[in-house]
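As stored in query_4.cif (mmCIF, C-alpha atoms (C1' of nucleotides)):
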data_start
#
loop_
_atom_site.label_atom_id
_atom_site.label_comp_id
_atom_site.auth_asym_id
_atom_site.auth_seq_id
_atom_site.Cartn_x
_atom_site.Cartn_y
_atom_site.Cartn_z
CA MET A 40 133.75 101.60 120.60
CA GLY A 41 130.56 103.36 119.66
CA GLU A 42 128.69 103.02 116.38
CA GLY A 43 129.27 106.71 115.76
CA VAL A 44 132.76 105.93 114.51
CA GLU A 45 131.45 103.76 111.70
CA TRP A 46 128.83 106.37 110.82
CA ALA A 47 131.38 109.18 110.78
CA LEU A 48 133.85 107.28 108.61
CA HIS A 49 131.24 106.34 106.03
CA SER A 50 129.83 109.87 106.09
CA CYS A 51 133.24 111.38 105.34
CA VAL A 52 133.72 109.08 102.37
CA ASN A 53 130.20 109.92 101.21
CA LEU A 54 130.99 113.63 101.47
CA ALA A 55 134.05 113.05 99.30
CA TRP A 56 131.91 111.27 96.73
CA ALA A 57 129.34 114.05 96.81
CA GLY A 58 132.08 116.46 95.77
CA PRO A 59 133.41 119.70 97.23
CA ASP A 60 130.86 121.93 95.47
CA ARG A 61 127.85 120.36 97.15
CA ALA A 62 126.99 120.55 100.84
CA VAL A 63 125.04 117.55 102.13
CA SER A 64 122.57 117.88 104.97
CA ALA A 65 122.61 115.57 107.96
CA ALA A 66 119.16 114.37 106.93
CA ARG A 67 120.38 113.21 103.51
CA LEU A 68 123.53 111.61 104.88
CA ALA A 69 121.40 109.74 107.40
CA ALA A 70 118.79 108.67 104.85
CA TRP A 71 121.47 107.24 102.55
CA HIS A 72 122.28 104.53 105.10
CA ASP A 73 119.00 104.61 107.03
CA LEU A 74 120.48 106.09 110.22
CA PRO A 75 118.72 108.22 112.87
CA THR A 76 119.11 111.77 111.61
CA ALA A 77 119.32 113.61 114.91
CA TYR A 78 121.92 111.30 116.33
CA LEU A 79 124.10 111.25 113.22
CA ASN A 80 123.90 115.03 113.36
CA LYS A 81 125.60 114.87 116.77
CA GLN A 82 128.52 112.96 115.29
CA LEU A 83 128.77 115.40 112.41
CA GLN A 84 128.85 118.27 114.89
CA ALA A 85 131.77 116.56 116.60
CA LEU A 86 133.54 116.30 113.23
CA ALA A 87 132.85 120.00 112.66
CA ARG A 88 134.27 120.98 116.07
CA ALA A 89 137.36 118.93 115.24
CA GLY A 90 137.78 120.78 111.94
CA ILE A 91 137.29 117.69 109.81
CA VAL A 92 134.15 118.99 108.12
CA THR A 93 132.65 122.44 107.76
CA SER A 94 128.98 123.18 108.27
CA ALA A 95 126.66 125.77 106.83
CA PRO A 96 123.09 126.55 107.89
CA GLY A 97 120.22 127.50 105.67
CA PRO A 98 118.85 126.11 102.41
CA ARG A 99 121.55 124.43 100.32
CA GLY A 100 123.45 124.20 103.59
CA GLY A 101 124.87 121.08 105.21
CA PHE A 102 128.30 119.55 105.61
CA ARG A 103 131.43 119.58 103.46
CA LEU A 104 134.87 118.11 103.97
CA ALA A 105 137.21 120.71 105.41
CA ARG A 106 140.21 119.25 103.59
CA PRO A 107 141.04 116.43 101.15
CA LEU A 108 140.42 112.88 102.31
CA ALA A 109 144.11 112.15 101.99
CA ASP A 110 144.75 114.64 104.79
CA ILE A 111 142.30 113.01 107.21
CA SER A 112 143.49 109.98 109.14
CA LEU A 113 141.28 107.40 110.81
CA MET A 114 142.79 108.62 114.08
CA ASP A 115 141.44 112.12 113.43
CA VAL A 116 137.91 110.80 113.08
CA VAL A 117 138.09 108.39 116.01
CA ALA A 118 139.48 111.09 118.28
CA ALA A 119 136.79 113.53 117.18
CA VAL A 120 133.91 111.13 117.78
CA GLU A 121 135.11 109.07 120.75
CA GLY A 122 136.85 111.81 122.65
CA PRO A 123 140.35 111.88 124.10
CA GLU A 124 139.78 109.18 126.73
CA GLU A 125 141.88 106.00 126.67
CA ALA A 126 140.12 102.68 126.19
CA PHE A 127 141.99 101.24 129.19
CA ARG A 128 141.39 103.40 132.24
CA CYS A 129 143.71 102.62 135.13
CA ALA A 130 141.71 102.81 138.37
CA GLU A 131 144.92 102.59 140.43
CA ILE A 132 143.69 99.63 142.42
CA ARG A 133 147.29 99.04 143.46
CA GLN A 134 146.84 101.96 145.89
CA GLN A 135 143.75 100.47 147.53
CA GLY A 136 143.51 98.13 150.51
CA PRO A 137 146.35 96.50 152.45
CA GLY A 138 148.31 96.25 149.20
CA GLY A 139 148.55 100.02 148.99
CA GLY A 140 151.47 101.80 150.58
CA PRO A 141 151.92 105.54 151.16
CA ALA A 142 150.78 107.75 148.32
CA ALA A 143 154.32 108.99 147.80
CA SER A 144 155.36 105.67 146.29
CA TYR A 145 153.08 106.08 143.28
CA ALA A 146 154.94 108.77 141.39
CA ALA A 147 155.54 106.40 138.47
CA GLU A 148 152.67 105.06 136.39
CA CYS A 149 151.46 101.60 137.34
CA ALA A 150 153.29 98.87 135.42
CA VAL A 151 149.99 97.43 134.26
CA ALA A 152 148.87 100.79 132.88
CA GLN A 153 152.21 101.26 131.15
CA ALA A 154 151.91 97.94 129.36
CA MET A 155 148.32 98.53 128.32
CA GLY A 156 149.29 102.02 127.21
CA ARG A 157 151.94 100.64 124.87
CA ALA A 158 149.30 98.51 123.16
CA GLU A 159 146.94 101.44 122.86
CA LEU A 160 149.73 103.50 121.36
CA ALA A 161 150.27 100.85 118.69
CA TRP A 162 146.56 101.05 117.92
CA ARG A 163 146.65 104.82 117.59
CA ARG A 164 149.73 104.70 115.40
CA GLU A 165 148.05 102.30 113.01
CA LEU A 166 144.95 104.50 112.91
CA ALA A 167 147.08 107.56 112.22
CA ALA A 168 148.92 105.76 109.43
CA GLN A 169 145.75 105.18 107.42
CA SER A 170 144.00 107.99 105.62
CA LEU A 171 140.36 108.16 104.66
CA ASP A 172 141.51 108.25 101.05
CA ASP A 173 142.95 104.74 101.48
CA VAL A 174 139.52 103.65 102.68
CA ARG A 175 137.79 105.40 99.78
CA GLN A 176 140.03 103.74 97.21
CA GLN A 177 139.40 100.32 98.68
CA ALA A 178 135.66 100.97 98.79
CA GLU A 179 135.66 102.02 95.14
CA ARG A 180 137.55 98.88 94.22
CA GLN A 181 134.74 96.88 95.83
CA ALA A 182 131.89 98.98 94.43
CA PRO A 183 133.11 101.08 91.50
CA ASP A 184 129.77 102.76 90.87
CA ALA A 185 129.06 103.76 94.46
CA PRO A 186 130.18 107.38 93.92
CA ARG A 187 127.96 107.78 90.88
CA GLN A 188 124.93 106.24 92.63
CA LEU A 189 125.32 108.62 95.53
CA ARG A 190 125.65 111.67 93.30
CA ASP A 191 122.62 110.64 91.26
CA TRP A 192 120.56 110.11 94.37
CA LEU A 193 121.59 113.48 95.77
CA ALA A 194 120.84 115.21 92.47
CA SER A 195 117.32 113.75 92.34
CA ARG A 196 116.13 115.68 95.39
CA MET B 247 137.37 98.21 128.27
CA GLY B 248 136.11 96.89 131.59
CA GLU B 249 137.81 97.21 134.93
CA GLY B 250 137.99 93.44 135.11
CA VAL B 251 141.07 93.55 132.91
CA GLU B 252 143.00 95.62 135.42
CA TRP B 253 141.85 93.39 138.26
CA ALA B 254 142.82 90.23 136.44
CA LEU B 255 146.28 91.49 135.50
CA HIS B 256 147.09 92.59 139.06
CA SER B 257 145.67 89.35 140.43
CA CYS B 258 147.92 87.27 138.21
CA VAL B 259 151.00 89.16 139.35
CA ASN B 260 149.83 88.78 142.94
CA LEU B 261 149.44 85.04 142.44
CA ALA B 262 153.00 84.92 141.15
CA TRP B 263 154.22 86.78 144.22
CA ALA B 264 152.25 84.44 146.48
CA GLY B 265 154.22 81.56 145.04
CA PRO B 266 153.26 78.29 143.37
CA ASP B 267 152.89 76.34 146.62
CA ARG B 268 150.09 78.49 148.00
CA ALA B 269 146.57 78.78 146.59
CA VAL B 270 144.94 82.15 147.20
CA SER B 271 141.17 82.48 147.59
CA ALA B 272 139.16 85.03 145.68
CA ALA B 273 138.28 86.66 149.00
CA ARG B 274 141.94 87.28 149.89
CA LEU B 275 142.85 88.50 146.40
CA ALA B 276 139.92 90.91 146.56
CA ALA B 277 140.72 92.13 150.07
CA TRP B 278 144.32 92.90 149.09
CA HIS B 279 143.16 95.66 146.75
CA ASP B 280 139.75 96.29 148.32
CA LEU B 281 137.74 94.91 145.41
CA PRO B 282 134.25 93.35 145.48
CA THR B 283 134.88 89.67 146.16
CA ALA B 284 132.00 88.15 144.23
CA TYR B 285 132.70 90.14 141.11
CA LEU B 286 136.43 89.56 141.14
CA ASN B 287 135.56 85.90 141.49
CA LYS B 288 133.79 86.09 138.15
CA GLN B 289 136.93 87.38 136.47
CA LEU B 290 139.00 84.65 138.10
CA GLN B 291 136.55 82.07 136.81
CA ALA B 292 137.09 83.46 133.33
CA LEU B 293 140.84 83.10 133.81
CA ALA B 294 140.31 79.52 134.98
CA ARG B 295 138.18 78.67 131.94
CA ALA B 296 140.92 80.10 129.74
CA GLY B 297 143.51 77.90 131.41
CA ILE B 298 145.50 80.82 132.81
CA VAL B 299 144.90 79.87 136.44
CA THR B 300 143.78 76.67 138.12
CA SER B 301 141.16 76.58 140.86
CA ALA B 302 140.60 74.24 143.79
CA PRO B 303 137.61 74.17 146.14
CA GLY B 304 137.63 73.46 149.84
CA PRO B 305 139.76 74.72 152.72
CA ARG B 306 143.24 75.70 151.60
CA GLY B 307 141.73 75.99 148.14
CA GLY B 308 141.74 78.98 145.83
CA PHE B 309 143.58 80.00 142.69
CA ARG B 310 147.07 79.28 141.39
CA LEU B 311 148.82 80.25 138.17
CA ALA B 312 148.52 77.45 135.65
CA ARG B 313 151.93 78.27 134.12
CA PRO B 314 154.85 80.68 134.64
CA LEU B 315 154.15 84.38 134.22
CA ALA B 316 156.60 84.47 131.32
CA ASP B 317 154.25 82.18 129.39
CA ILE B 318 151.20 84.40 129.88
CA SER B 319 150.79 87.39 127.57
CA LEU B 320 148.62 90.41 128.20
CA MET B 321 146.59 89.27 125.21
CA ASP B 322 145.79 85.98 126.96
CA VAL B 323 144.33 87.82 129.93
CA VAL B 324 142.45 90.42 127.90
CA ALA B 325 140.93 87.76 125.68
CA ALA B 326 139.92 85.69 128.71
CA VAL B 327 138.22 88.56 130.51
CA GLU B 328 136.80 90.65 127.66
CA GLY B 329 135.78 87.84 125.39
CA PRO B 330 136.52 87.32 121.71
CA GLU B 331 134.52 90.28 120.43
CA GLU B 332 136.27 93.06 118.51
CA ALA B 333 136.24 96.56 119.95
CA PHE B 334 135.06 97.91 116.59
CA ARG B 335 131.90 96.16 115.51
CA CYS B 336 130.96 96.75 111.91
CA ALA B 337 127.19 97.14 111.72
CA GLU B 338 127.32 96.98 107.90
CA ILE B 339 125.48 100.24 107.50
CA ARG B 340 126.73 100.31 103.90
CA GLN B 341 124.04 97.69 103.16
CA GLN B 342 121.21 99.78 104.60
CA GLY B 343 119.02 102.36 102.88
CA PRO B 344 119.27 103.64 99.30
CA GLY B 345 123.05 103.31 99.55
CA GLY B 346 122.76 99.55 99.82
CA GLY B 347 122.82 97.49 96.66
CA PRO B 348 122.00 93.80 96.26
CA ALA B 349 123.33 91.59 99.06
CA ALA B 350 125.51 89.75 96.55
CA SER B 351 127.87 92.71 96.31
CA TYR B 352 128.99 92.42 99.94
CA ALA B 353 131.17 89.34 99.74
CA ALA B 354 134.24 91.34 100.73
CA GLU B 355 134.54 92.96 104.13
CA CYS B 356 133.64 96.65 104.26
CA ALA B 357 136.67 98.87 103.62
CA VAL B 358 136.00 100.74 106.85
CA ALA B 359 135.96 97.53 108.85
CA GLN B 360 139.16 96.37 107.15
CA ALA B 361 140.98 99.55 108.13
CA MET B 362 139.74 99.48 111.71
CA GLY B 363 140.63 95.80 111.86
CA ARG B 364 144.22 96.55 110.92
CA ALA B 365 144.50 98.93 113.86
CA GLU B 366 142.97 96.43 116.21
CA LEU B 367 145.41 93.81 114.96
CA ALA B 368 148.31 96.11 115.84
CA TRP B 369 146.82 96.44 119.33
CA ARG B 370 146.53 92.71 119.75
CA ARG B 371 150.05 92.14 118.49
CA GLU B 372 151.45 94.56 121.03
CA LEU B 373 149.45 92.88 123.80
CA ALA B 374 150.68 89.47 122.70
CA ALA B 375 154.28 90.68 122.65
CA GLN B 376 154.25 91.60 126.34
CA SER B 377 154.28 88.93 129.02
CA LEU B 378 152.98 89.25 132.55
CA ASP B 379 156.54 88.65 133.69
CA ASP B 380 157.58 91.90 132.00
CA VAL B 381 154.88 93.63 134.01
CA ARG B 382 155.98 91.92 137.23
CA GLN B 383 159.60 92.98 136.73
CA GLN B 384 158.60 96.57 136.15
CA ALA B 385 156.31 96.53 139.17
CA GLU B 386 159.12 95.18 141.36
CA ARG B 387 161.43 97.88 140.10
CA GLN B 388 158.89 100.43 141.29
CA ALA B 389 158.08 98.68 144.60
CA PRO B 390 160.81 96.15 145.46
CA ASP B 391 159.20 94.94 148.67
CA ALA B 392 155.72 94.41 147.26
CA PRO B 393 156.17 90.62 146.94
CA ARG B 394 157.33 90.29 150.53
CA GLN B 395 154.50 92.43 151.88
CA LEU B 396 151.94 90.31 150.08
CA ARG B 397 153.45 87.04 151.31
CA ASP B 398 153.59 88.33 154.90
CA TRP B 399 149.99 89.49 154.73
CA LEU B 400 148.87 86.12 153.34
CA ALA B 401 150.84 84.24 156.00
CA SER B 402 149.21 86.23 158.79
CA ARG B 403 145.75 84.80 158.12
"C1'" DA C 187 109.00 136.42 104.45
"C1'" DT C 188 109.62 131.70 104.32
"C1'" DA C 189 111.57 127.44 104.59
"C1'" DA C 190 115.73 124.69 105.02
"C1'" DC C 191 119.34 123.90 107.83
"C1'" DC C 192 122.84 123.81 111.79
"C1'" DT C 193 123.67 124.36 117.11
"C1'" DG C 194 123.31 123.01 121.61
"C1'" DG C 195 120.76 121.80 125.61
"C1'" DA C 196 117.46 118.83 127.89
"C1'" DT C 197 115.57 114.55 128.23
"C1'" DA C 198 114.32 109.73 127.68
"C1'" DC C 199 115.55 104.99 126.49
"C1'" DT C 200 118.59 100.89 126.29
"C1'" DA C 201 122.36 97.79 126.63
"C1'" DG C 202 126.18 96.41 128.86
"C1'" DA C 203 129.15 96.65 132.76
"C1'" DT C 204 129.18 96.35 137.65
"C1'" DA C 205 127.75 94.13 141.80
"C1'" DT C 206 125.26 90.90 144.90
"C1'" DC C 207 123.18 86.69 146.31
"C1'" DC C 208 122.19 81.92 146.65
"C1'" DA C 209 121.96 76.86 146.05
"C1'" DG C 210 124.98 73.17 144.87
"C1'" DA C 211 129.41 70.65 144.60
"C1'" DT C 212 134.12 69.63 146.29
"C1'" DT C 213 137.66 68.94 149.72
"C1'" DA C 214 140.97 69.63 153.87
"C1'" DG C 215 141.18 68.80 158.46
"C1'" DA C 216 139.30 67.61 163.09
"C1'" DT D 182 132.11 61.23 159.47
"C1'" DC D 183 131.21 66.00 160.22
"C1'" DT D 184 132.23 70.84 159.58
"C1'" DA D 185 133.79 74.74 157.47
"C1'" DA D 186 136.14 76.80 153.59
"C1'" DT D 187 136.00 77.34 148.97
"C1'" DC D 188 134.84 77.22 143.87
"C1'" DT D 189 130.82 77.05 140.22
"C1'" DG D 190 127.27 78.96 137.84
"C1'" DG D 191 122.81 80.92 137.48
"C1'" DA D 192 119.57 84.57 138.76
"C1'" DT D 193 119.00 89.11 139.78
"C1'" DA D 194 119.60 93.99 140.87
"C1'" DT D 195 122.01 98.45 140.10
"C1'" DC D 196 124.62 101.76 137.75
"C1'" DT D 197 126.84 103.92 133.81
"C1'" DA D 198 127.59 105.10 129.22
"C1'" DG D 199 125.89 104.89 124.69
"C1'" DT D 200 121.90 105.58 121.86
"C1'" DA D 201 118.06 108.33 120.41
"C1'" DT D 202 114.62 112.06 120.32
"C1'" DC D 203 112.91 116.66 120.80
"C1'" DC D 204 112.80 121.55 120.95
"C1'" DA D 205 114.00 126.48 121.03
"C1'" DG D 206 117.15 129.56 118.84
"C1'" DG D 207 120.15 131.25 115.17
"C1'" DT D 208 121.66 131.59 110.15
"C1'" DT D 209 121.02 131.97 105.19
"C1'" DA D 210 119.33 131.05 100.20
"C1'" DT D 211 115.54 132.04 97.43
#
Same coordinates, now as structure tokens:
Amino acid sequence: MGEGVEWALHSCVNLAWAGPDRAVSAARLAAWHDLPTAYLNKQLQALARAGIVTSAPGPRGGFRLARPLADISLMDVVAAVEGPEEAFRCAEIRQQGPGGGPAASYAAECAVAQAMGRAELAWRRELAAQSLDDVRQQAERQAPDAPRQLRDWLASR
Amino acid sequence: MGEGVEWALHSCVNLAWAGPDRAVSAARLAAWHDLPTAYLNKQLQALARAGIVTSAPGPRGGFRLARPLADISLMDVVAAVEGPEEAFRCAEIRQQGPGGGPAASYAAECAVAQAMGRAELAWRRELAAQSLDDVRQQAERQAPDAPRQLRDWLASR
DNA sequence: ATAACCTGGATACTAGATATCCAGATTAGA
DNA sequence: TCTAATCTGGATATCTAGTATCCAGGTTAT
């Protein structure tokens, strides 16, 4: 699991704190947590392609949330940043070597892949069940003045 | 998720099919699915350290299951091969840059990490709920003569 | 017109997964 | 006792995917 996921999740919450009337540039989002600007920008582009944020070029441009945090699940962000690939990739080793029979006998998915797939499904379900707004609320409980600090810092530029 | 997981799961089922009275060497287990012997051996060593299989050196040596398949969960194997590390590693970027306050305010785990941790817990729970014997039964449903083929092939060496 | 900003491609760097090899220890069987 | 088969664990090499940077081109507010 790449770091980009953590960056993207925090960035979405930060965009919510910045407010819908202010676009935030990749450079500012990166500076706020001391991340490499160009690389964070790549993650933000992925969020934009997935329709999670909108982007605008030019002065006063940057990124905005495309919809309320409550309508964005962790699964949305993970899928946007990590891509559609499964964590467990079945290489079908059962078909290789003396243990492999004729190709016709492999219509059904390997039992190992099925079992691992069930676990991955549970993971996705749990990710889909949690919204970014849940994360924001918990973060504000831990640091109630985080939103204000961010807005002040953005305003002073 | 490394390929070693798939190899280890198949190898455990193969060991069950070989039967408890026969130790199978890493070389034979690897040849059965055309895997690199030395590297599969590393995964088997990890299983041995985790107490999932037992190993014996010398002629007629090799690996055996340490307990019945029904008492081995997918989680046991994944933990043995992949190590204890979480898939999502929180880099605590919230503490970095202007967004980071005094270190004292980070007693609680980051809200992002908490949410991702819940999903990973669901994944682990599902892995722990499935035993290797479930996988074996499903595999035998798909290929009823797989156990016999393996035993014949082992006997002919 | 200028400067701020996103987009996407090309490219380099790095860490971890994959793979191989070897010297040493253990043991069955002749 | 000797030999050959086998595991153990460390050292090392290779490959892949993630991380990171840069640049040329396009858009837009002021």
Return chain A as a CSV table (one decimal) with C-alpha atoms, in the frame of the given file, after superposing it on chain B by a least-squares fit that covers all C-alpha atoms paired in order.
chain,number,residue,atom,x,y,z
A,40,MET,CA,137.4,98.1,128.2
A,41,GLY,CA,136.1,96.8,131.5
A,42,GLU,CA,137.8,97.1,134.9
A,43,GLY,CA,138.0,93.4,135.1
A,44,VAL,CA,141.1,93.5,132.9
A,45,GLU,CA,143.0,95.6,135.4
A,46,TRP,CA,141.8,93.3,138.3
A,47,ALA,CA,142.8,90.2,136.4
A,48,LEU,CA,146.3,91.5,135.5
A,49,HIS,CA,147.1,92.6,139.0
A,50,SER,CA,145.7,89.3,140.4
A,51,CYS,CA,147.9,87.2,138.2
A,52,VAL,CA,151.0,89.2,139.3
A,53,ASN,CA,149.8,88.8,142.9
A,54,LEU,CA,149.5,85.0,142.5
A,55,ALA,CA,153.0,84.9,141.2
A,56,TRP,CA,154.2,86.8,144.2
A,57,ALA,CA,152.3,84.5,146.5
A,58,GLY,CA,154.2,81.6,145.1
A,59,PRO,CA,153.3,78.3,143.4
A,60,ASP,CA,152.9,76.4,146.7
A,61,ARG,CA,150.1,78.6,148.0
A,62,ALA,CA,146.6,78.8,146.6
A,63,VAL,CA,145.0,82.2,147.2
A,64,SER,CA,141.2,82.5,147.6
A,65,ALA,CA,139.2,85.0,145.7
A,66,ALA,CA,138.3,86.7,149.0
A,67,ARG,CA,141.9,87.3,149.9
A,68,LEU,CA,142.8,88.5,146.4
A,69,ALA,CA,139.9,90.9,146.5
A,70,ALA,CA,140.7,92.2,150.0
A,71,TRP,CA,144.3,92.9,149.1
A,72,HIS,CA,143.1,95.7,146.7
A,73,ASP,CA,139.7,96.3,148.3
A,74,LEU,CA,137.7,94.9,145.4
A,75,PRO,CA,134.2,93.3,145.5
A,76,THR,CA,134.9,89.6,146.2
A,77,ALA,CA,132.0,88.1,144.2
A,78,TYR,CA,132.7,90.1,141.1
A,79,LEU,CA,136.4,89.5,141.1
A,80,ASN,CA,135.6,85.8,141.5
A,81,LYS,CA,133.8,86.0,138.2
A,82,GLN,CA,136.9,87.3,136.5
A,83,LEU,CA,139.0,84.6,138.1
A,84,GLN,CA,136.6,82.0,136.9
A,85,ALA,CA,137.1,83.3,133.4
A,86,LEU,CA,140.9,83.0,133.8
A,87,ALA,CA,140.4,79.5,135.0
A,88,ARG,CA,138.2,78.6,132.0
A,89,ALA,CA,140.9,80.0,129.8
A,90,GLY,CA,143.6,77.8,131.5
A,91,ILE,CA,145.5,80.8,132.9
A,92,VAL,CA,144.9,79.8,136.5
A,93,THR,CA,143.8,76.7,138.2
A,94,SER,CA,141.3,76.6,141.0
A,95,ALA,CA,140.7,74.3,143.9
A,96,PRO,CA,137.7,74.1,146.3
A,97,GLY,CA,137.8,73.5,149.9
A,98,PRO,CA,139.9,74.8,152.8
A,99,ARG,CA,143.4,75.8,151.7
A,100,GLY,CA,141.8,76.0,148.2
A,101,GLY,CA,141.8,79.0,145.9
A,102,PHE,CA,143.6,80.0,142.8
A,103,ARG,CA,147.1,79.3,141.4
A,104,LEU,CA,148.9,80.2,138.2
A,105,ALA,CA,148.6,77.4,135.7
A,106,ARG,CA,152.0,78.2,134.2
A,107,PRO,CA,154.9,80.7,134.7
A,108,LEU,CA,154.2,84.4,134.2
A,109,ALA,CA,156.6,84.5,131.4
A,110,ASP,CA,154.3,82.2,129.4
A,111,ILE,CA,151.2,84.4,129.9
A,112,SER,CA,150.8,87.3,127.6
A,113,LEU,CA,148.6,90.3,128.2
A,114,MET,CA,146.6,89.2,125.2
A,115,ASP,CA,145.8,85.9,127.0
A,116,VAL,CA,144.3,87.7,129.9
A,117,VAL,CA,142.4,90.3,127.9
A,118,ALA,CA,140.9,87.6,125.7
A,119,ALA,CA,139.9,85.6,128.7
A,120,VAL,CA,138.2,88.4,130.5
A,121,GLU,CA,136.8,90.5,127.7
A,122,GLY,CA,135.8,87.7,125.4
A,123,PRO,CA,136.5,87.2,121.7
A,124,GLU,CA,134.5,90.2,120.4
A,125,GLU,CA,136.3,93.0,118.5
A,126,ALA,CA,136.2,96.5,119.9
A,127,PHE,CA,135.0,97.9,116.6
A,128,ARG,CA,131.9,96.1,115.5
A,129,CYS,CA,130.9,96.8,111.9
A,130,ALA,CA,127.2,97.2,111.6
A,131,GLU,CA,127.3,97.1,107.8
A,132,ILE,CA,125.5,100.3,107.4
A,133,ARG,CA,126.7,100.4,103.9
A,134,GLN,CA,124.0,97.8,103.1
A,135,GLN,CA,121.2,99.9,104.5
A,136,GLY,CA,119.0,102.5,102.8
A,137,PRO,CA,119.3,103.9,99.3
A,138,GLY,CA,123.1,103.5,99.5
A,139,GLY,CA,122.8,99.7,99.7
A,140,GLY,CA,122.8,97.7,96.6
A,141,PRO,CA,122.0,94.0,96.2
A,142,ALA,CA,123.3,91.7,98.9
A,143,ALA,CA,125.5,89.9,96.5
A,144,SER,CA,127.9,92.9,96.2
A,145,TYR,CA,129.0,92.6,99.8
A,146,ALA,CA,131.1,89.5,99.6
A,147,ALA,CA,134.2,91.4,100.6
A,148,GLU,CA,134.5,93.0,104.0
A,149,CYS,CA,133.6,96.7,104.2
A,150,ALA,CA,136.7,98.9,103.6
A,151,VAL,CA,136.0,100.8,106.8
A,152,ALA,CA,135.9,97.5,108.8
A,153,GLN,CA,139.1,96.4,107.1
A,154,ALA,CA,141.0,99.6,108.1
A,155,MET,CA,139.7,99.5,111.7
A,156,GLY,CA,140.6,95.8,111.8
A,157,ARG,CA,144.2,96.5,110.9
A,158,ALA,CA,144.5,98.9,113.9
A,159,GLU,CA,142.9,96.3,116.2
A,160,LEU,CA,145.4,93.7,114.9
A,161,ALA,CA,148.3,96.0,115.8
A,162,TRP,CA,146.8,96.4,119.3
A,163,ARG,CA,146.5,92.6,119.7
A,164,ARG,CA,150.0,92.1,118.5
A,165,GLU,CA,151.4,94.5,121.0
A,166,LEU,CA,149.4,92.8,123.8
A,167,ALA,CA,150.7,89.4,122.7
A,168,ALA,CA,154.3,90.6,122.6
A,169,GLN,CA,154.2,91.5,126.3
A,170,SER,CA,154.2,88.9,129.0
A,171,LEU,CA,153.0,89.2,132.5
A,172,ASP,CA,156.5,88.6,133.7
A,173,ASP,CA,157.6,91.9,132.0
A,174,VAL,CA,154.8,93.6,134.0
A,175,ARG,CA,156.0,91.9,137.2
A,176,GLN,CA,159.6,93.0,136.7
A,177,GLN,CA,158.6,96.6,136.1
A,178,ALA,CA,156.3,96.5,139.2
A,179,GLU,CA,159.1,95.2,141.3
A,180,ARG,CA,161.4,97.9,140.1
A,181,GLN,CA,158.8,100.4,141.3
A,182,ALA,CA,158.1,98.7,144.6
A,183,PRO,CA,160.8,96.2,145.4
A,184,ASP,CA,159.2,95.0,148.7
A,185,ALA,CA,155.7,94.5,147.3
A,186,PRO,CA,156.2,90.7,146.9
A,187,ARG,CA,157.3,90.4,150.5
A,188,GLN,CA,154.5,92.5,151.9
A,189,LEU,CA,151.9,90.4,150.1
A,190,ARG,CA,153.4,87.1,151.3
A,191,ASP,CA,153.6,88.4,154.9
A,192,TRP,CA,150.0,89.6,154.7
A,193,LEU,CA,148.9,86.2,153.4
A,194,ALA,CA,150.9,84.3,156.0
A,195,SER,CA,149.2,86.3,158.8
A,196,ARG,CA,145.8,84.9,158.2
Where does the PyMOL selection byres ((chain A) within 6 of (chain B)) land in this file, that is, which residues does it pick, as a PDB file with C-alpha atoms, in the frame of the given file?
ATOM      1  CA  MET A  40     133.750 101.600 120.600  1.00  0.00           C
ATOM      2  CA  TRP A  71     121.470 107.240 102.550  1.00  0.00           C
ATOM      3  CA  HIS A  72     122.280 104.530 105.100  1.00  0.00           C
ATOM      4  CA  ASP A  73     119.000 104.610 107.030  1.00  0.00           C
ATOM      5  CA  ALA A 126     140.120 102.680 126.190  1.00  0.00           C
ATOM      6  CA  PHE A 127     141.990 101.240 129.190  1.00  0.00           C
ATOM      7  CA  ILE A 132     143.690  99.630 142.420  1.00  0.00           C
ATOM      8  CA  GLN A 135     143.750 100.470 147.530  1.00  0.00           C
ATOM      9  CA  GLY A 136     143.510  98.130 150.510  1.00  0.00           C
ATOM     10  CA  PRO A 137     146.350  96.500 152.450  1.00  0.00           C
ATOM     11  CA  GLY A 138     148.310  96.250 149.200  1.00  0.00           C
ATOM     12  CA  ALA A 150     153.290  98.870 135.420  1.00  0.00           C
ATOM     13  CA  ALA A 158     149.300  98.510 123.160  1.00  0.00           C
ATOM     14  CA  ALA A 161     150.270 100.850 118.690  1.00  0.00           C
ATOM     15  CA  TRP A 162     146.560 101.050 117.920  1.00  0.00           C
ATOM     16  CA  GLU A 165     148.050 102.300 113.010  1.00  0.00           C
ATOM     17  CA  LEU A 166     144.950 104.500 112.910  1.00  0.00           C
ATOM     18  CA  VAL A 174     139.520 103.650 102.680  1.00  0.00           C
ATOM     19  CA  GLN A 177     139.400 100.320  98.680  1.00  0.00           C
ATOM     20  CA  ALA A 178     135.660 100.970  98.790  1.00  0.00           C
TER      21      ALA A 178
END
Of the candidates B:Ala302, B:Pro390, B:Val324, B:Pro330, which one gets nearest to chain D if we count all atoms listed in the file? B:Ala302
For chain B against chain C, which residues fall within 6 Å using only C-alpha atoms (C1' of nucleotides), given as a PDB file with C-alpha atoms, in the coordinates of the input?
ATOM      1  CA  PRO B 303     137.610  74.170 146.140  1.00  0.00           C
ATOM      2  CA  GLY B 304     137.630  73.460 149.840  1.00  0.00           C
ATOM      3  CA  PRO B 305     139.760  74.720 152.720  1.00  0.00           C
TER       4      PRO B 305
END
Could you tell me which residues of chain D sit within 9 Å of chain B when counting all atoms listed in the file, and give me the result as a PyMOL selection string? chain D and resi 185-189
Using Å and a single decimal, report how far atom C1' of DT184 of chain D sits from atom CA of Val299 of chain B.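 Computing it gives 27.9 Å between the two atoms.
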Calculate how many Å separate atom CA of Ala254 of chain B from atom CA of Ser402 of chain B, rounding to one decimal.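 Computing it gives 23.6 Å between the two atoms.
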